[in-house]
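**Q** This is the content of model_30.cif (mmCIF, C-alpha atoms):
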data_final
loop_
_atom_site.group_PDB
_atom_site.id
_atom_site.type_symbol
_atom_site.label_atom_id
_atom_site.label_comp_id
_atom_site.auth_asym_id
_atom_site.auth_seq_id
_atom_site.Cartn_x
_atom_site.Cartn_y
_atom_site.Cartn_z
ATOM 1 C CA MET N 1206 6.749 36.848 1.507
ATOM 2 C CA CYS N 1207 9.648 35.139 3.205
ATOM 3 C CA ILE N 1208 12.774 33.645 1.662
ATOM 4 C CA ARG N 1209 11.420 30.103 1.980
ATOM 5 C CA ASP N 1210 8.334 30.978 -0.119
ATOM 6 C CA ARG N 1211 10.519 32.489 -2.858
ATOM 7 C CA TYR N 1212 12.722 29.392 -2.888
ATOM 8 C CA GLN N 1213 9.725 27.048 -3.126
ATOM 9 C CA ARG N 1214 8.300 29.051 -6.013
ATOM 10 C CA ARG N 1215 11.615 28.836 -7.872
ATOM 11 C CA VAL N 1216 11.820 25.076 -7.282
ATOM 12 C CA ARG N 1217 8.228 24.589 -8.484
ATOM 13 C CA GLY N 1218 8.969 26.582 -11.631
ATOM 14 C CA ALA N 1219 12.003 24.406 -12.396
ATOM 15 C CA HIS N 1220 9.894 21.301 -11.819
ATOM 16 C CA ASN N 1221 7.319 22.433 -14.384
ATOM 17 C CA GLN N 1222 10.033 22.958 -17.018
ATOM 18 C CA ALA N 1223 11.355 19.435 -16.469
ATOM 19 C CA MET N 1224 7.918 17.946 -17.063
ATOM 20 C CA SER N 1225 7.894 18.837 -20.746
ATOM 21 C CA SER N 1226 11.290 17.253 -21.494
ATOM 22 C CA SER N 1227 10.539 13.830 -19.992
ATOM 23 C CA THR N 1228 9.735 10.762 -22.074
ATOM 24 C CA VAL N 1229 7.588 7.678 -21.633
ATOM 25 C CA THR N 1230 9.231 4.229 -21.647
ATOM 26 C CA VAL N 1231 7.275 0.974 -21.964
ATOM 27 C CA ARG N 1232 8.845 -2.344 -20.940
ATOM 28 C CA PRO N 1233 6.933 -5.589 -21.455
ATOM 29 C CA ARG N 1234 7.434 -8.219 -18.782
ATOM 30 C CA LYS N 1235 6.268 -11.860 -18.641
ATOM 31 C CA LEU N 1236 5.510 -11.939 -22.366
ATOM 32 C CA ILE N 1237 3.480 -15.037 -23.219
ATOM 33 C CA THR N 1238 2.395 -16.064 -26.707
ATOM 34 C CA ASN N 1239 -1.068 -17.623 -26.443
ATOM 35 C CA ARG N 1240 -1.730 -19.389 -29.750
ATOM 36 C CA LEU N 1241 -5.111 -20.783 -28.649
ATOM 37 C CA LEU N 1242 -6.475 -17.262 -28.278
ATOM 38 C CA SER N 1243 -4.207 -15.884 -31.047
ATOM 39 C CA ARG N 1244 -2.690 -13.171 -28.901
ATOM 40 C CA ARG N 1245 0.375 -12.106 -26.972
ATOM 41 C CA GLN N 1246 -0.249 -11.229 -23.347
ATOM 42 C CA MET N 1247 2.104 -9.355 -21.088
ATOM 43 C CA ILE N 1248 2.538 -7.221 -18.015
ATOM 44 C CA ILE N 1249 3.774 -3.766 -18.966
ATOM 45 C CA ASP N 1250 5.888 -1.431 -16.859
ATOM 46 C CA ILE N 1251 5.519 2.209 -17.879
ATOM 47 C CA ILE N 1252 8.167 4.667 -16.731
ATOM 48 C CA HIS N 1253 7.017 8.274 -16.973
ATOM 49 C CA PRO N 1254 9.111 10.507 -14.694
ATOM 50 C CA ASN N 1255 7.573 13.902 -13.886
ATOM 51 C CA LEU N 1256 4.568 13.117 -16.123
ATOM 52 C CA PRO N 1257 1.042 11.923 -15.433
ATOM 53 C CA THR N 1258 0.074 8.395 -16.430
ATOM 54 C CA PRO N 1259 0.010 8.325 -20.250
ATOM 55 C CA ASP N 1260 -3.262 7.661 -22.050
ATOM 56 C CA LYS N 1261 -4.031 4.196 -23.410
ATOM 57 C CA ALA N 1262 -3.915 5.266 -27.070
ATOM 58 C CA LEU N 1263 -0.273 6.308 -26.693
ATOM 59 C CA LEU N 1264 0.533 3.124 -24.785
ATOM 60 C CA ARG N 1265 -1.077 0.945 -27.475
ATOM 61 C CA LYS N 1266 1.039 2.672 -30.118
ATOM 62 C CA LEU N 1267 4.267 2.275 -28.091
ATOM 63 C CA ILE N 1268 3.623 -1.402 -27.334
ATOM 64 C CA CYS N 1269 2.930 -2.202 -30.979
ATOM 65 C CA GLU N 1270 6.091 -0.379 -32.086
ATOM 66 C CA HIS N 1271 8.140 -2.281 -29.507
ATOM 67 C CA LEU N 1272 6.711 -5.674 -30.484
ATOM 68 C CA SER N 1273 7.125 -4.974 -34.193
ATOM 69 C CA LYS N 1274 10.808 -4.123 -33.717
ATOM 70 C CA ALA N 1275 11.763 -6.694 -31.106
ATOM 71 C CA LYS N 1276 9.762 -9.745 -32.170
ATOM 72 C CA HIS N 1277 9.690 -9.091 -35.944
ATOM 73 C CA ALA N 1278 5.920 -9.572 -35.996
ATOM 74 C CA SER N 1279 3.586 -6.748 -36.884
ATOM 75 C CA ALA N 1280 1.143 -5.614 -34.240
ATOM 76 C CA ASP N 1281 -1.956 -3.489 -34.810
ATOM 77 C CA PRO N 1282 -2.777 -0.782 -32.219
ATOM 78 C CA ASP N 1283 -6.501 -1.324 -32.902
ATOM 79 C CA ALA N 1284 -6.167 -4.991 -31.875
ATOM 80 C CA THR N 1285 -4.414 -4.121 -28.599
ATOM 81 C CA SER N 1286 -6.223 -3.980 -25.280
ATOM 82 C CA ILE N 1287 -4.722 -2.358 -22.174
ATOM 83 C CA PHE N 1288 -6.345 -2.558 -18.766
ATOM 84 C CA GLY N 1289 -5.560 -2.650 -15.047
ATOM 85 C CA LEU N 1290 -3.207 0.329 -15.010
ATOM 86 C CA ARG N 1291 -1.952 1.187 -11.543
ATOM 87 C CA THR N 1292 0.339 4.098 -10.822
ATOM 88 C CA ASP N 1293 2.860 3.615 -8.031
ATOM 89 C CA TYR N 1294 2.691 5.939 -5.074
ATOM 90 C CA GLY N 1295 4.605 9.117 -5.893
ATOM 91 C CA GLY N 1296 4.104 8.686 -9.631
ATOM 92 C CA GLY N 1297 6.703 8.098 -12.244
ATOM 93 C CA LYS N 1298 5.951 4.401 -12.723
ATOM 94 C CA SER N 1299 2.809 2.512 -13.683
ATOM 95 C CA THR N 1300 2.038 -1.146 -14.229
ATOM 96 C CA GLY N 1301 -0.712 -2.728 -16.285
ATOM 97 C CA PHE N 1302 -1.749 -5.649 -18.439
ATOM 98 C CA ALA N 1303 -1.772 -5.745 -22.245
ATOM 99 C CA LEU N 1304 -3.271 -8.159 -24.759
ATOM 100 C CA VAL N 1305 -2.070 -7.848 -28.362
ATOM 101 C CA TYR N 1306 -4.240 -9.844 -30.769
ATOM 102 C CA ASP N 1307 -3.053 -11.005 -34.180
ATOM 103 C CA SER N 1308 -5.939 -9.219 -35.935
ATOM 104 C CA LYS N 1309 -8.997 -7.080 -35.234
ATOM 105 C CA GLU N 1310 -11.271 -10.033 -36.021
ATOM 106 C CA ASP N 1311 -9.598 -12.153 -33.339
ATOM 107 C CA ALA N 1312 -9.976 -9.326 -30.847
ATOM 108 C CA GLN N 1313 -13.680 -8.930 -31.650
ATOM 109 C CA LYS N 1314 -14.225 -12.665 -31.292
ATOM 110 C CA ILE N 1315 -12.475 -13.119 -27.928
ATOM 111 C CA GLU N 1316 -12.299 -9.776 -26.097
ATOM 112 C CA PRO N 1317 -15.183 -8.803 -23.745
ATOM 113 C CA LYS N 1318 -17.612 -6.269 -25.167
ATOM 114 C CA HIS N 1319 -16.912 -3.531 -22.606
ATOM 115 C CA ARG N 1320 -13.227 -3.509 -23.575
ATOM 116 C CA LEU N 1321 -14.098 -3.465 -27.291
ATOM 117 C CA VAL N 1322 -16.269 -0.397 -26.670
ATOM 118 C CA LYS N 1323 -13.338 1.371 -24.972
ATOM 119 C CA ILE N 1324 -11.008 0.562 -27.884
ATOM 120 C CA GLY N 1325 -13.611 1.575 -30.466
ATOM 121 C CA LEU N 1326 -14.171 -1.812 -32.133
ATOM 122 C CA ALA N 1327 -17.785 -2.098 -30.924
ATOM 123 C CA GLU N 1328 -20.630 0.261 -30.089
ATOM 124 C CA ALA N 1329 -22.254 0.467 -26.693
ATOM 125 C CA SER N 1330 -25.810 -0.806 -26.577
ATOM 126 C CA THR N 1331 -28.298 1.934 -25.778
ATOM 127 C CA ARG N 1332 -31.246 0.562 -23.894
ATOM 128 C CA GLY N 1333 -33.905 2.666 -22.275
ATOM 129 C CA ALA N 1334 -34.111 3.304 -18.589
ATOM 130 C CA ARG N 1335 -34.850 0.289 -16.393
ATOM 131 C CA LYS N 1336 -38.253 1.549 -15.342
ATOM 132 C CA GLN N 1337 -39.313 2.199 -18.952
ATOM 133 C CA ARG N 1338 -38.255 -1.301 -19.992
ATOM 134 C CA LYS N 1339 -40.299 -2.824 -17.158
ATOM 135 C CA GLU N 1340 -43.364 -0.740 -18.008
ATOM 136 C CA LYS N 1341 -43.138 -1.797 -21.655
ATOM 137 C CA LYS N 1342 -42.827 -5.457 -20.662
ATOM 138 C CA ASN N 1343 -45.904 -5.227 -18.459
ATOM 139 C CA ARG N 1344 -47.914 -3.440 -21.184
ATOM 140 C CA GLU N 1345 -47.018 -6.220 -23.616
ATOM 141 C CA LYS N 1346 -48.106 -8.899 -21.140
ATOM 142 C CA LYS N 1347 -51.661 -7.485 -21.058
ATOM 143 C CA PHE N 1348 -52.331 -8.390 -24.702
ATOM 144 C CA ARG N 1349 -52.574 -12.139 -24.543
ATOM 145 C CA GLY N 1350 -52.619 -14.178 -27.736
ATOM 146 C CA THR N 1351 -52.024 -11.216 -30.081
ATOM 147 C CA LYS N 1352 -48.926 -9.990 -31.802
ATOM 148 C CA LYS N 1353 -47.210 -7.787 -29.245
ATOM 149 C CA GLU N 1354 -45.500 -5.323 -31.609
ATOM 150 C CA LYS N 1355 -48.800 -4.174 -33.133
ATOM 151 C CA ARG N 1356 -50.534 -3.638 -29.794
ATOM 152 C CA VAL N 1357 -47.919 -1.421 -28.145
ATOM 153 C CA ARG N 1358 -48.205 2.185 -29.278
ATOM 154 C CA PRO N 1359 -44.946 3.387 -30.887
ATOM 155 C CA GLY N 1360 -44.952 6.750 -29.062
ATOM 156 C CA LYS N 1361 -45.014 5.121 -25.621
ATOM 157 C CA ASP N 1362 -41.868 2.941 -25.920
#
Just give me the structure as structure tokens.

**A**
Amino acid sequence: MCIRDRYQRRVRGAHNQAMSSSTVTVRPRKLITNRLLSRRQMIIDIIHPNLPTPDKALLRKLICEHLSKAKHASADPDATSIFGLRTDYGGGKSTGFALVYDSKEDAQKIEPKHRLVKIGLAEASTRGARKQRKEKKNREKKFRGTKKEKRVRPGKD
């Protein structure tokens, strides 16, 4: 082991200690209040030096705290959708898009289903495999003029 290897190991060890003391800062930018869709939409800049990109649950909580303090309007983390996160090269800074709805009901009415599933406001639909669905459809087509549900055997769905 040469001196350079020892030095690099010491530097790496110091870097790991700094990772635990860092904090995450969220700054909304281009905040727009969209009354037609009953939401606030914004671009968010996330500063996270020496840390990986924070998870969306933490970001939702931080955004709602910031909006509740700054704008004097309560915000619900369950009615907040975050998407499009991109981390800058080298880390330390990420950018994304956030939609903060006035209520959960407004979010469920307007937000696309795939985003609601990620937040936990909707359940993912569980369909069978594509081939099984096609086979079932073709079996049902064979019984013309009869009630389809009775003719298809329940074990074969």

**Q** Which residue gives the smallest distance to Gly1297 (chain N) among N:Leu1256, N:Val1231, N:Ile1315, N:Leu1241, with only C-alpha atoms counted?

**A** N:Leu1256

**Q** Find, counting all atoms listed in the file, the residue in N:Ile1287, N:Ile1249, N:Ala1280, N:Ala1312 that gets nearest to Arg1234 (chain N).

**A** N:Ile1249

**Q** Determine the residue membership of the PyMOL selection byres ((chain N and resi 1293) around 12) for the file above and supply it as a list in words.

**A** Asp1250, Ile1251, Ile1252, His1253, Pro1254, Pro1257, Thr1258, Leu1290, Arg1291, Thr1292, Tyr1294, Gly1295, Gly1296, Gly1297, Lys1298, Ser1299, Thr1300 and Gly1301 of chain N

**Q** Now that the selection is made, can you save its residues with C-alpha atoms as an mmCIF file, in the coordinates of the input?

**A**
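The file below, again14.cif, is the result:
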data_model
loop_
_atom_site.group_PDB
_atom_site.id
_atom_site.type_symbol
_atom_site.label_atom_id
_atom_site.label_comp_id
_atom_site.auth_asym_id
_atom_site.auth_seq_id
_atom_site.Cartn_x
_atom_site.Cartn_y
_atom_site.Cartn_z
ATOM 1 C CA ASP N 1250 5.888 -1.431 -16.859
ATOM 2 C CA ILE N 1251 5.519 2.209 -17.879
ATOM 3 C CA ILE N 1252 8.167 4.667 -16.731
ATOM 4 C CA HIS N 1253 7.017 8.274 -16.973
ATOM 5 C CA PRO N 1254 9.111 10.507 -14.694
ATOM 6 C CA PRO N 1257 1.042 11.923 -15.433
ATOM 7 C CA THR N 1258 0.074 8.395 -16.430
ATOM 8 C CA LEU N 1290 -3.207 0.329 -15.010
ATOM 9 C CA ARG N 1291 -1.952 1.187 -11.543
ATOM 10 C CA THR N 1292 0.339 4.098 -10.822
ATOM 11 C CA TYR N 1294 2.691 5.939 -5.074
ATOM 12 C CA GLY N 1295 4.605 9.117 -5.893
ATOM 13 C CA GLY N 1296 4.104 8.686 -9.631
ATOM 14 C CA GLY N 1297 6.703 8.098 -12.244
ATOM 15 C CA LYS N 1298 5.951 4.401 -12.723
ATOM 16 C CA SER N 1299 2.809 2.512 -13.683
ATOM 17 C CA THR N 1300 2.038 -1.146 -14.229
ATOM 18 C CA GLY N 1301 -0.712 -2.728 -16.285
#

**Q** Counting only C-alpha atoms, figure out which residue out of N:Ser1243, N:Arg1338, N:Asp1307, N:Pro1259 gets nearest to Ser1273 (chain N).

**A** N:Asp1307

**Q** Find, counting all atoms listed in the file, the residue in N:Ser1286, N:Ser1330, N:Val1305, N:Ala1278 that gets nearest to Pro1317 (chain N).

**A**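 Smallest separation from Pro1317 (chain N) among the options: N:Ser1286.
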
**Q** Which residue is closest to Asp1311 (chain N)? Choose from N:Lys1235, N:Arg1245, N:Arg1265, N:Lys1342 and count all atoms listed in the file.

**A** N:Arg1245

**Q** Could you please give me, as a PyMOL selection string, the residues of protein, DNA or RNA lying at most 12 Å from (-16.2, -1.0, -22.8) in the coordinate frame of the file, considering all atoms listed in the file?

**A** chain N and resi 1286-1288+1316-1330

**Q** For a test of reading the model, state the distance in Å between CA of Asp1260 (chain N) and CA of Arg1240 (chain N), rounded to one decimal.

**A**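 We find that CA of Asp1260 (chain N) and CA of Arg1240 (chain N) lie 28.2 Å from each other.
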
**Q** So how many Å separate CA of Phe1302 (chain N) and CA of Gly1289 (chain N), to one decimal?

**A**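 CA of Phe1302 (chain N) sits 5.9 Å away from CA of Gly1289 (chain N).
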
**Q** When distances are computed from only C-alpha atoms, which of N:Ala1275, N:Ile1248, N:Ile1237, N:Ala1303 shows the smallest separation from Lys1261 (chain N)?

**A**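 For Lys1261 (chain N), the nearest of the candidates is N:Ala1303.
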
**Q** Quote the spacing between CA of Leu1272 (chain N) and CA of Met1247 (chain N) in Å to one decimal place.

**A**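 Computing it gives 11.1 Å between the two atoms.
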